[in-house]
Structure formats: structure tokens, C-alpha cells
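> Hey, dropping input.pdb in here, PDB, C-alpha atoms:
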ATOM      1  CA  MET A 434       3.575 -30.394 -10.169
ATOM      2  CA  LYS A 435       0.244 -30.553  -8.382
ATOM      3  CA  VAL A 436      -3.052 -29.834 -10.070
ATOM      4  CA  LEU A 437      -5.475 -28.606  -7.433
ATOM      5  CA  PRO A 438      -9.198 -29.443  -7.694
ATOM      6  CA  PHE A 439     -10.316 -25.833  -7.788
ATOM      7  CA  LEU A 440      -8.457 -25.264 -11.051
ATOM      8  CA  SER A 441     -11.282 -27.072 -12.857
ATOM      9  CA  LEU A 442     -13.505 -24.115 -12.030
ATOM     10  CA  LEU A 443     -11.481 -21.841 -14.300
ATOM     11  CA  PRO A 444     -11.574 -21.966 -18.098
ATOM     12  CA  ARG A 445      -8.357 -23.444 -19.446
ATOM     13  CA  LEU A 446      -8.091 -22.352 -23.078
ATOM     14  CA  PRO A 447      -5.211 -22.976 -25.500
ATOM     15  CA  ARG A 448      -3.176 -20.015 -26.605
ATOM     16  CA  LEU A 449      -5.382 -18.005 -28.887
ATOM     17  CA  PRO A 450      -4.371 -16.834 -32.377
ATOM     18  CA  GLY A 451      -4.214 -13.118 -33.090
ATOM     19  CA  PRO A 452      -7.813 -12.399 -34.193
ATOM     20  CA  ARG A 453      -9.398 -14.412 -31.380
ATOM     21  CA  LEU A 454      -7.029 -12.846 -28.859
ATOM     22  CA  SER A 455      -8.137  -9.411 -30.059
ATOM     23  CA  THR A 456     -11.750 -10.471 -29.596
ATOM     24  CA  ALA A 457     -10.980 -11.814 -26.128
ATOM     25  CA  LEU A 458      -9.159  -8.606 -25.211
ATOM     26  CA  LEU A 459     -12.094  -6.532 -26.449
ATOM     27  CA  GLY A 460     -14.516  -8.589 -24.362
ATOM     28  CA  ALA A 461     -12.285  -8.280 -21.298
ATOM     29  CA  THR A 462     -12.014  -4.504 -21.820
ATOM     30  CA  VAL A 463     -15.789  -4.148 -21.989
ATOM     31  CA  LEU A 464     -16.088  -6.197 -18.797
ATOM     32  CA  GLU A 465     -13.473  -3.991 -17.136
ATOM     33  CA  LEU A 466     -15.541  -0.900 -17.961
ATOM     34  CA  VAL A 467     -18.674  -2.529 -16.540
ATOM     35  CA  VAL A 468     -16.819  -3.503 -13.351
ATOM     36  CA  LEU A 469     -15.316  -0.015 -13.057
ATOM     37  CA  THR A 470     -18.746   1.604 -13.376
ATOM     38  CA  GLY A 471     -20.199  -0.625 -10.672
ATOM     39  CA  HIS A 472     -17.225  -0.116  -8.419
ATOM     40  CA  LEU A 473     -17.391   3.678  -8.712
ATOM     41  CA  ALA A 474     -20.991   3.472  -7.540
ATOM     42  CA  ALA A 475     -20.010   1.331  -4.533
ATOM     43  CA  TYR A 476     -16.780   3.173  -3.725
ATOM     44  CA  PRO A 477     -18.257   5.796  -1.324
ATOM     45  CA  PHE A 478     -19.694   3.036   0.881
ATOM     46  CA  GLY A 479     -16.212   1.648   1.544
ATOM     47  CA  LEU A 480     -14.412   4.858   2.475
ATOM     48  CA  THR A 481     -14.679   4.326   6.230
ATOM     49  CA  GLN A 482     -13.115   1.500   8.197
ATOM     50  CA  GLU A 483     -15.571  -1.306   8.838
ATOM     51  CA  ARG A 484     -17.039  -1.554  12.299
ATOM     52  CA  VAL A 485     -16.704  -4.717  14.344
ATOM     53  CA  PRO A 486     -20.218  -6.051  15.101
ATOM     54  CA  GLN A 487     -21.027  -5.988  18.799
ATOM     55  CA  GLU A 488     -21.821  -9.687  18.866
ATOM     56  CA  ARG A 489     -18.294 -10.440  17.729
ATOM     57  CA  ARG A 490     -16.682  -8.567  20.580
ATOM     58  CA  THR A 491     -15.741 -11.289  23.069
ATOM     59  CA  PRO A 492     -13.478  -9.824  25.771
ATOM     60  CA  GLN A 493     -13.477 -13.088  27.700
ATOM     61  CA  ARG A 494     -11.728 -14.737  24.760
ATOM     62  CA  ARG A 495      -9.123 -12.059  24.240
ATOM     63  CA  THR A 496      -5.605 -13.472  24.121
ATOM     64  CA  PRO A 497      -3.334 -10.458  23.575
ATOM     65  CA  ASP A 498      -0.220 -12.493  24.334
ATOM     66  CA  LEU A 499      -0.733 -15.264  21.799
ATOM     67  CA  PRO A 500       2.606 -17.003  21.238
ATOM     68  CA  GLN A 501       4.426 -16.749  17.948
ATOM     69  CA  GLY A 502       4.909 -20.524  18.008
ATOM     70  CA  PRO A 503       3.606 -23.347  15.830
ATOM     71  CA  PRO A 504       0.407 -22.818  13.838
ATOM     72  CA  THR A 505      -2.883 -24.325  14.912
ATOM     73  CA  LEU A 506      -3.254 -28.064  14.600
ATOM     74  CA  PRO A 507      -4.949 -29.482  11.507
ATOM     75  CA  GLY A 508      -8.631 -30.170  11.850
ATOM     76  CA  SER A 509      -9.772 -26.828  13.279
ATOM     77  CA  PRO A 510     -12.933 -25.689  11.467
ATOM     78  CA  ALA A 511     -12.106 -23.553   8.438
ATOM     79  CA  ALA A 512     -15.186 -21.457   9.187
ATOM     80  CA  GLU A 513     -13.532 -20.169  12.375
ATOM     81  CA  ARG A 514     -10.329 -19.001  10.698
ATOM     82  CA  PRO A 515     -10.640 -15.284   9.897
ATOM     83  CA  VAL A 516     -10.209 -14.062   6.329
ATOM     84  CA  VAL A 517      -8.634 -10.623   5.898
ATOM     85  CA  LEU A 518      -9.389  -8.782   2.634
ATOM     86  CA  LEU A 519      -6.878  -6.166   1.476
ATOM     87  CA  HIS A 520      -7.635  -3.822  -1.448
ATOM     88  CA  GLY A 521      -5.355  -2.349  -4.101
ATOM     89  CA  PHE A 522      -3.950   1.122  -4.777
ATOM     90  CA  ILE A 523      -6.380   4.087  -4.442
ATOM     91  CA  ASP A 524      -9.193   1.675  -3.636
ATOM     92  CA  ASN A 525     -11.084   0.575  -0.544
ATOM     93  CA  ARG A 526     -12.893  -2.392   0.968
ATOM     94  CA  SER A 527     -15.911  -1.971  -1.327
ATOM     95  CA  VAL A 528     -14.034  -3.886  -4.041
ATOM     96  CA  PHE A 529     -14.623  -7.082  -2.055
ATOM     97  CA  VAL A 530     -18.410  -6.841  -1.649
ATOM     98  CA  LEU A 531     -19.134  -9.790  -3.944
ATOM     99  CA  LEU A 532     -16.208 -11.951  -2.822
ATOM    100  CA  ARG A 533     -17.051 -11.329   0.807
ATOM    101  CA  ARG A 534     -20.657 -12.329   0.192
ATOM    102  CA  ALA A 535     -19.530 -15.531  -1.556
ATOM    103  CA  LEU A 536     -17.239 -16.504   1.322
ATOM    104  CA  ALA A 537     -19.917 -15.773   3.917
ATOM    105  CA  ARG A 538     -22.477 -17.774   1.981
ATOM    106  CA  HIS A 539     -20.179 -20.789   2.171
ATOM    107  CA  GLY A 540     -19.705 -20.633   5.918
ATOM    108  CA  ARG A 541     -16.875 -18.216   6.639
ATOM    109  CA  ARG A 542     -17.845 -16.566   9.930
ATOM    110  CA  HIS A 543     -15.025 -14.067  10.475
ATOM    111  CA  LEU A 544     -14.443 -11.722   7.530
ATOM    112  CA  ALA A 545     -12.522  -8.476   7.948
ATOM    113  CA  SER A 546     -11.451  -5.722   5.557
ATOM    114  CA  LEU A 547      -8.683  -3.200   6.118
ATOM    115  CA  ASN A 548      -8.568   0.236   4.514
ATOM    116  CA  TYR A 549      -5.116   1.754   4.314
ATOM    117  CA  SER A 550      -4.713   5.425   3.414
ATOM    118  CA  PRO A 551      -3.887   6.363  -0.210
ATOM    119  CA  LEU A 552      -1.542   8.914   1.367
ATOM    120  CA  THR A 553       0.653   6.103   2.720
ATOM    121  CA  ARG A 554       4.077   6.727   1.222
ATOM    122  CA  ASP A 555       5.771   3.436   2.032
ATOM    123  CA  LEU A 556       4.458  -0.087   1.435
ATOM    124  CA  ARG A 557       6.359  -1.205   4.522
ATOM    125  CA  THR A 558       4.254   1.119   6.671
ATOM    126  CA  ALA A 559       1.085  -0.413   5.249
ATOM    127  CA  ALA A 560       2.487  -3.887   5.981
ATOM    128  CA  GLU A 561       3.102  -2.919   9.609
ATOM    129  CA  LEU A 562      -0.487  -1.652   9.852
ATOM    130  CA  LEU A 563      -1.683  -4.959   8.435
ATOM    131  CA  GLY A 564       0.332  -6.795  11.088
ATOM    132  CA  ARG A 565      -1.339  -4.840  13.902
ATOM    133  CA  HIS A 566      -4.732  -5.478  12.300
ATOM    134  CA  VAL A 567      -4.061  -9.227  12.145
ATOM    135  CA  GLU A 568      -2.997  -9.307  15.802
ATOM    136  CA  GLU A 569      -6.213  -7.546  16.801
ATOM    137  CA  ILE A 570      -8.310 -10.017  14.801
ATOM    138  CA  CYS A 571      -6.534 -13.009  16.352
ATOM    139  CA  ALA A 572      -7.049 -11.586  19.839
ATOM    140  CA  ARG A 573     -10.722 -10.849  19.179
ATOM    141  CA  THR A 574     -11.582 -14.205  17.628
ATOM    142  CA  GLY A 575      -9.301 -16.425  19.698
ATOM    143  CA  GLN A 576      -7.649 -17.818  16.552
ATOM    144  CA  ARG A 577      -3.914 -18.194  16.042
ATOM    145  CA  GLU A 578      -3.998 -17.822  12.254
ATOM    146  CA  VAL A 579      -5.769 -15.946   9.477
ATOM    147  CA  ASP A 580      -6.062 -16.262   5.719
ATOM    148  CA  ILE A 581      -5.493 -13.155   3.570
ATOM    149  CA  VAL A 582      -6.851 -12.298   0.130
ATOM    150  CA  GLY A 583      -5.136  -9.297  -1.466
ATOM    151  CA  HIS A 584      -5.935  -7.579  -4.756
ATOM    152  CA  SER A 585      -3.114  -5.906  -6.691
ATOM    153  CA  LEU A 586      -1.051  -3.750  -4.281
ATOM    154  CA  GLY A 587      -2.908  -5.339  -1.361
ATOM    155  CA  GLY A 588      -1.340  -8.682  -2.208
ATOM    156  CA  LEU A 589       2.123  -7.127  -2.281
ATOM    157  CA  ILE A 590       1.567  -5.503   1.126
ATOM    158  CA  ALA A 591       0.456  -8.843   2.534
ATOM    159  CA  ARG A 592       3.451 -10.623   1.010
ATOM    160  CA  TYR A 593       5.855  -8.125   2.582
ATOM    161  CA  TYR A 594       4.173  -8.653   5.962
ATOM    162  CA  VAL A 595       4.432 -12.432   5.596
ATOM    163  CA  GLN A 596       7.926 -12.631   4.131
ATOM    164  CA  ARG A 597       9.776  -9.745   5.778
ATOM    165  CA  LEU A 598       7.914  -8.961   9.038
ATOM    166  CA  GLY A 599       7.364 -12.462  10.404
ATOM    167  CA  GLY A 600       3.724 -12.600   9.378
ATOM    168  CA  ASP A 601       4.071 -16.233   8.291
ATOM    169  CA  HIS A 602       3.429 -17.161  11.938
ATOM    170  CA  ARG A 603      -0.059 -15.692  11.585
ATOM    171  CA  VAL A 604      -1.003 -16.191   7.921
ATOM    172  CA  ARG A 605      -1.811 -19.727   6.851
ATOM    173  CA  THR A 606      -2.713 -18.988   3.202
ATOM    174  CA  LEU A 607      -2.147 -15.810   1.203
ATOM    175  CA  VAL A 608      -4.205 -15.501  -1.982
ATOM    176  CA  THR A 609      -3.181 -12.713  -4.361
ATOM    177  CA  LEU A 610      -5.218 -11.423  -7.302
ATOM    178  CA  GLY A 611      -3.277  -9.590 -10.000
ATOM    179  CA  THR A 612      -0.396  -8.655  -7.691
ATOM    180  CA  PRO A 613       2.903  -7.370  -9.173
ATOM    181  CA  HIS A 614       5.162  -9.833  -7.357
ATOM    182  CA  GLY A 615       7.984  -9.170  -9.807
ATOM    183  CA  GLY A 616       7.178  -5.483 -10.321
ATOM    184  CA  THR A 617       5.154  -4.033 -13.177
ATOM    185  CA  ALA A 618       6.247  -1.738 -15.996
ATOM    186  CA  VAL A 619       2.773  -0.170 -16.104
ATOM    187  CA  ALA A 620       2.350   2.115 -13.108
ATOM    188  CA  PRO A 621       0.511   5.384 -13.825
ATOM    189  CA  GLY A 622       1.859   8.290 -11.821
ATOM    190  CA  ALA A 623       5.021   6.392 -10.920
ATOM    191  CA  GLY A 624       6.949   9.634 -10.677
ATOM    192  CA  LEU A 625       4.411  11.171  -8.296
ATOM    193  CA  HIS A 626       3.539   8.570  -5.667
ATOM    194  CA  PRO A 627       6.336   6.779  -3.772
ATOM    195  CA  ILE A 628       4.297   3.624  -3.114
ATOM    196  CA  VAL A 629       3.659   3.232  -6.841
ATOM    197  CA  ARG A 630       7.369   3.560  -7.557
ATOM    198  CA  GLN A 631       7.873   0.671  -5.155
ATOM    199  CA  MET A 632       5.746  -1.493  -7.455
ATOM    200  CA  ARG A 633       8.062  -0.949 -10.398
ATOM    201  CA  GLY A 634      10.294  -3.793 -11.515
ATOM    202  CA  GLY A 635      13.761  -3.519 -10.014
ATOM    203  CA  SER A 636      12.704  -1.208  -7.167
ATOM    204  CA  PRO A 637      14.505  -1.707  -3.817
ATOM    205  CA  LEU A 638      11.328  -3.167  -2.336
ATOM    206  CA  ILE A 639      10.849  -5.701  -5.153
ATOM    207  CA  GLU A 640      14.505  -6.665  -4.835
ATOM    208  CA  GLU A 641      14.019  -7.061  -1.075
ATOM    209  CA  LEU A 642      11.272  -9.606  -1.745
ATOM    210  CA  ARG A 643      13.751 -11.596  -3.834
ATOM    211  CA  LEU A 644      15.968 -12.144  -0.780
ATOM    212  CA  PRO A 645      16.035 -15.611   0.813
ATOM    213  CA  ALA A 646      13.031 -16.511   2.994
ATOM    214  CA  PRO A 647      13.975 -19.863   4.522
ATOM    215  CA  GLY A 648      11.314 -21.531   6.628
ATOM    216  CA  CYS A 649       8.455 -19.293   5.490
ATOM    217  CA  ARG A 650       5.301 -21.124   6.619
ATOM    218  CA  THR A 651       2.659 -19.341   4.568
ATOM    219  CA  ARG A 652       1.227 -20.985   1.467
ATOM    220  CA  PHE A 653       0.811 -18.667  -1.552
ATOM    221  CA  VAL A 654      -1.861 -18.956  -4.237
ATOM    222  CA  SER A 655      -1.448 -16.318  -6.945
ATOM    223  CA  PHE A 656      -4.127 -15.708  -9.579
ATOM    224  CA  TRP A 657      -2.869 -14.062 -12.755
ATOM    225  CA  SER A 658      -4.695 -13.186 -15.967
ATOM    226  CA  GLU A 659      -3.264 -13.232 -19.471
ATOM    227  CA  LEU A 660      -5.438 -10.180 -20.248
ATOM    228  CA  ASP A 661      -4.355  -8.126 -17.229
ATOM    229  CA  GLN A 662      -3.255  -4.816 -18.764
ATOM    230  CA  VAL A 663      -1.885  -3.516 -15.441
ATOM    231  CA  MET A 664       0.620  -6.351 -15.023
ATOM    232  CA  VAL A 665       3.415  -5.910 -17.588
ATOM    233  CA  PRO A 666       4.567  -8.490 -18.309
ATOM    234  CA  VAL A 667       1.589 -10.595 -17.212
ATOM    235  CA  GLY A 668       3.937 -13.159 -15.651
ATOM    236  CA  THR A 669       4.946 -10.611 -13.032
ATOM    237  CA  ALA A 670       1.748 -11.541 -11.164
ATOM    238  CA  CYS A 671       3.190 -15.017 -10.486
ATOM    239  CA  VAL A 672       5.106 -15.859  -7.313
ATOM    240  CA  ASP A 673       8.580 -16.992  -8.323
ATOM    241  CA  HIS A 674      10.727 -17.596  -5.251
ATOM    242  CA  PRO A 675      12.619 -20.800  -4.380
ATOM    243  CA  ASP A 676      11.807 -20.580  -0.654
ATOM    244  CA  LEU A 677       8.054 -20.036  -0.965
ATOM    245  CA  ASP A 678       5.352 -22.696  -1.259
ATOM    246  CA  ALA A 679       3.434 -21.208  -4.169
ATOM    247  CA  VAL A 680       0.772 -22.165  -6.692
ATOM    248  CA  ASN A 681       0.212 -19.845  -9.678
ATOM    249  CA  VAL A 682      -3.248 -20.049 -11.229
ATOM    250  CA  ARG A 683      -3.848 -18.821 -14.777
ATOM    251  CA  VAL A 684      -7.192 -17.085 -15.389
ATOM    252  CA  THR A 685      -8.448 -16.477 -18.919
ATOM    253  CA  GLY A 686     -10.889 -14.000 -20.395
ATOM    254  CA  ILE A 687     -10.885 -11.253 -17.741
ATOM    255  CA  GLY A 688      -8.750  -8.275 -16.807
ATOM    256  CA  HIS A 689      -7.328  -6.685 -13.677
ATOM    257  CA  LEU A 690     -10.439  -5.086 -12.189
ATOM    258  CA  ALA A 691     -12.613  -8.161 -12.707
ATOM    259  CA  LEU A 692     -10.385 -10.490 -10.669
ATOM    260  CA  PRO A 693     -11.931  -9.736  -7.241
ATOM    261  CA  VAL A 694     -15.534  -9.767  -8.534
ATOM    262  CA  HIS A 695     -15.721 -12.592 -11.077
ATOM    263  CA  PRO A 696     -17.833 -15.557  -9.819
ATOM    264  CA  ALA A 697     -15.431 -18.215 -11.154
ATOM    265  CA  VAL A 698     -12.476 -16.554  -9.441
ATOM    266  CA  ALA A 699     -14.469 -16.221  -6.198
ATOM    267  CA  ALA A 700     -15.259 -19.942  -6.288
ATOM    268  CA  ALA A 701     -11.600 -20.762  -6.972
ATOM    269  CA  VAL A 702     -10.434 -18.496  -4.122
ATOM    270  CA  ARG A 703     -12.796 -20.262  -1.741
ATOM    271  CA  GLU A 704     -11.530 -23.627  -2.978
ATOM    272  CA  ALA A 705      -7.928 -22.504  -2.516
ATOM    273  CA  LEU A 706      -8.580 -21.498   1.096
ATOM    274  CA  GLU A 707     -10.341 -24.777   1.863
ATOM    275  CA  SER A 708      -7.989 -27.096  -0.039
ATOM    276  CA  GLN A 709      -5.148 -26.471   2.396
ATOM    277  CA  GLU A 710      -7.399 -27.664   5.212
ATOM    278  CA  SER A 711      -7.829 -31.008   3.457
ATOM    279  CA  GLN A 712      -4.111 -31.186   2.639
ATOM    280  CA  GLU A 713      -3.136 -30.561   6.261
ATOM    281  CA  SER A 714      -5.576 -33.220   7.472
ATOM    282  CA  GLN A 715      -4.119 -35.700   4.994
ATOM    283  CA  GLU A 716      -0.564 -34.894   6.027
ATOM    284  CA  SER A 717      -1.546 -35.253   9.697
ATOM    285  CA  GLN A 718      -3.006 -38.677   8.963
ATOM    286  CA  GLU A 719       0.131 -39.687   7.016
ATOM    287  CA  PHE A 720       2.265 -38.569   9.944
ATOM    288  CA  ARG A 721       0.202 -40.634  12.392
ATOM    289  CA  GLU A 722       0.472 -43.642  10.049
ATOM    290  CA  GLY A 723       4.215 -43.211   9.729
ATOM    291  CA  THR A 724       4.319 -42.157   6.063
ATOM    292  CA  ALA A 725       5.976 -39.015   4.775
ATOM    293  CA  PRO A 726       3.691 -36.179   3.643
ATOM    294  CA  SER A 727       4.243 -34.597   0.259
ATOM    295  CA  THR A 728       6.374 -31.456   0.202
ATOM    296  CA  GLY A 729       7.731 -28.955  -2.265
ATOM    297  CA  THR A 730       6.601 -25.934  -4.232
ATOM    298  CA  SER A 731       3.538 -26.265  -6.422
ATOM    299  CA  SER A 732       3.287 -24.191  -9.577
ATOM    300  CA  VAL A 733       0.545 -24.214 -12.200
ATOM    301  CA  ALA A 734       0.612 -21.860 -15.177
TER     302      ALA A 734
END
Now that the file is in, can you turn its structure into C-alpha cells?


Amino acid sequence: MKVLPFLSLLPRLPRLPGPRLSTALLGATVLELVVLTGHLAAYPFGLTQERVPQERRTPQRRTPDLPQGPPTLPGSPAAERPVVLLHGFIDNRSVFVLLRRALARHGRRHLASLNYSPLTRDLRTAAELLGRHVEEICARTGQREVDIVGHSLGGLIARYYVQRLGGDHRVRTLVTLGTPHGGTAVAPGAGLHPIVRQMRGGSPLIEELRLPAPGCRTRFVSFWSELDQVMVPVGTACVDHPDLDAVNVRVTGIGHLALPVHPAVAAAVREALESQESQESQESQEFREGTAPSTGTSSVA
């Protein structure tokens, strides 16, 4: 078991007794209402797809035929690796305003958000759209890989792209925030919207993600909250797959909507994206020195 340095940024509380848990749940519910109010105000500004700034259009660097071979060598500046932000169900890119600002403030140069239509009836279709979006970003920036941060359904879409559509050749780290990796029993309107039915436990899509994924190159970091009322049970937001390199990070004191906007989570997400850079550099040095790098799945609960 590895304990990553960014975990120290998150409060690690013992299991709370009943009365204190009720108090914590009440506080998290109030925070959820505050976040919801702010997000409703920002929602209209994220309805359209974001425009690519003119200064970032670099035709001379376009590489539309980038090979699907090995990932970039360790040591490339983390600031140059694009970060793709993918929102949850019936949401849009406005949910990432604060997280995007935090990443930009700490040097991330290429940040991109993708809006997928709420009318999309199949998660697989959204995953294919994400794949085309990633290819366009790689061609535009001249980078072979991206990092992805997905909230709720967005994380599940990104996982399907990585695990089932070969996206692990493009995605170095996938961070998920409150994503129903094992399917959730709480899914309002499950009988009305096909993509919500796909998020239910035991659905064909969830079972498809349980299939073997040998050689998957992407590293997963999944943030889950014990007070997330959308993930039932809360452990469903953890990545549990023998073939995936995954770290599950427990967050206390906040609910589902607060995950992409909470400052402590934003700092931990940034640390998660940067920690792999240091790990790869260390493994590269160990390889050059003739020692074996550490391997295996990391899991923290």
C-alpha cells in the first residue's frame, strides 16, 4: 500500500459515532445547497462549447497521425500536458470553473472542457466523442498524452474510453470525482433516461467494465466521499479492478456536488496529477541505475 503525499491535504477523521455523523451530514447537506445555488447561477455560461483561443492554434505543430505507440518519456514538463475536464449528468463545463482556475494558477497551460449533450442516449457514444476530442487536443498541442478529470458520469465516460476504446494510449492519469465505478442504486429518472440506467449496478455497461483489461497503461485516482448521497453504496465510487493501477482517496465532510469545487480536493487533484510525474522520473532513474521500479496497484481508503 502506498500513501501518496497529497493525501495529507485531506482531513482523515476516524469513523464518527451516530450523533456526530448526523451533524457532519447536516453540514455537508448545507454545503451542497450552497454549491448548487452557485452552480445554477454559473450554469448558463457553460452551455456552449468552449472556444479554442487563437494563440493556441498552431497549425505548424499539428500531428494528425500521432502513433498509438509508447507514451511520452518521463521528464516532459507537466505544464505542457493537457488536462481535459469532463462534467457529470445534465451538467456542463461551468462546474469546473474553480478547479480550472486552481490548475491554471499552478502552471497548467493547456486546459480543455468538453460538453456532451444531455440527449446522448449511450455512454459509449459519449466516450467515442471524448476520444475524438482528445485526438484533436493532442494534434493541436503537439502532445502525445493528456490527463483527464471527470466528475460523476464524466469519470465513467472517461473510464470507458480508457479501458474499452484504447484510450490508455492517450490518457496518462484519470482522476474521477464521485464516479459510480461499480454502479449506483440512487439514479433519479432511471426508467426515463437510458444513460442513467447504464449507471445502475449490474447494468450491461457496468459489467463490461468488470471485464479483464490487461496492459491498461492509465493510472486511476478515484476520490470518494463518505457523505456522497448519490453514490449508494459510497464504496461504488472506488475503482476495484485487478488489472487497473488505481488509488482510491477517501474525502470526509463534503457531498457529491462539492467534490469538483472544494479547495482541498482541488489541491489534492493537482497533487495527484503531478505526483505521477515524480514517480515516472524516479522509475526512469532506477531503470538507468539498474534497479527495479516499484509496481502494483495502489489503494488507499

> Contacts of segment 587-589 of chain A at 8 Å or less, counting only C-alpha atoms, minus same-chain residues fewer than 4 places along, as a list in words?

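Within the cut-off, the hits are Leu519, His520, Gly521, Phe522, Val582, Gly583, Tyr593, Leu607, Val608, Thr609, Leu610, Thr612, Pro613 and His614 of chain A.
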
> Which residues match the PyMOL selection byres ((chain A and resi 673) around 12) in the file above, as a ChimeraX atom specification?

/A:613-616,639,642-645,653-655,668-672,674-681,730-734

> Quick one: distance from atom CA of Val667 of chain A to atom CA of His689 of chain A in Å, one decimal?

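Separating atom CA of Val667 of chain A from atom CA of His689 of chain A is a distance of 10.4 Å.
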
> Can you work out the spacing between atom CA of Glu641 of chain A and atom CA of Arg597 of chain A in Å, to one decimal?

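Taking atom CA of Glu641 of chain A and atom CA of Arg597 of chain A, their separation equals 8.5 Å.
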
> Hey, can you check how far atom CA of Ser708 of chain A sits from atom CA of Arg605 of chain A?

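Between these atoms lies a distance of 11.8 Å.
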
> Select, from A:Gly471, A:Gly688, A:Pro515, A:Gly635, the residue with the minimum atom-to-atom distance to Gly540 of chain A, counting all atoms listed in the file.

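With all atoms listed in the file as the atom set, the closest residue is A:Pro515.
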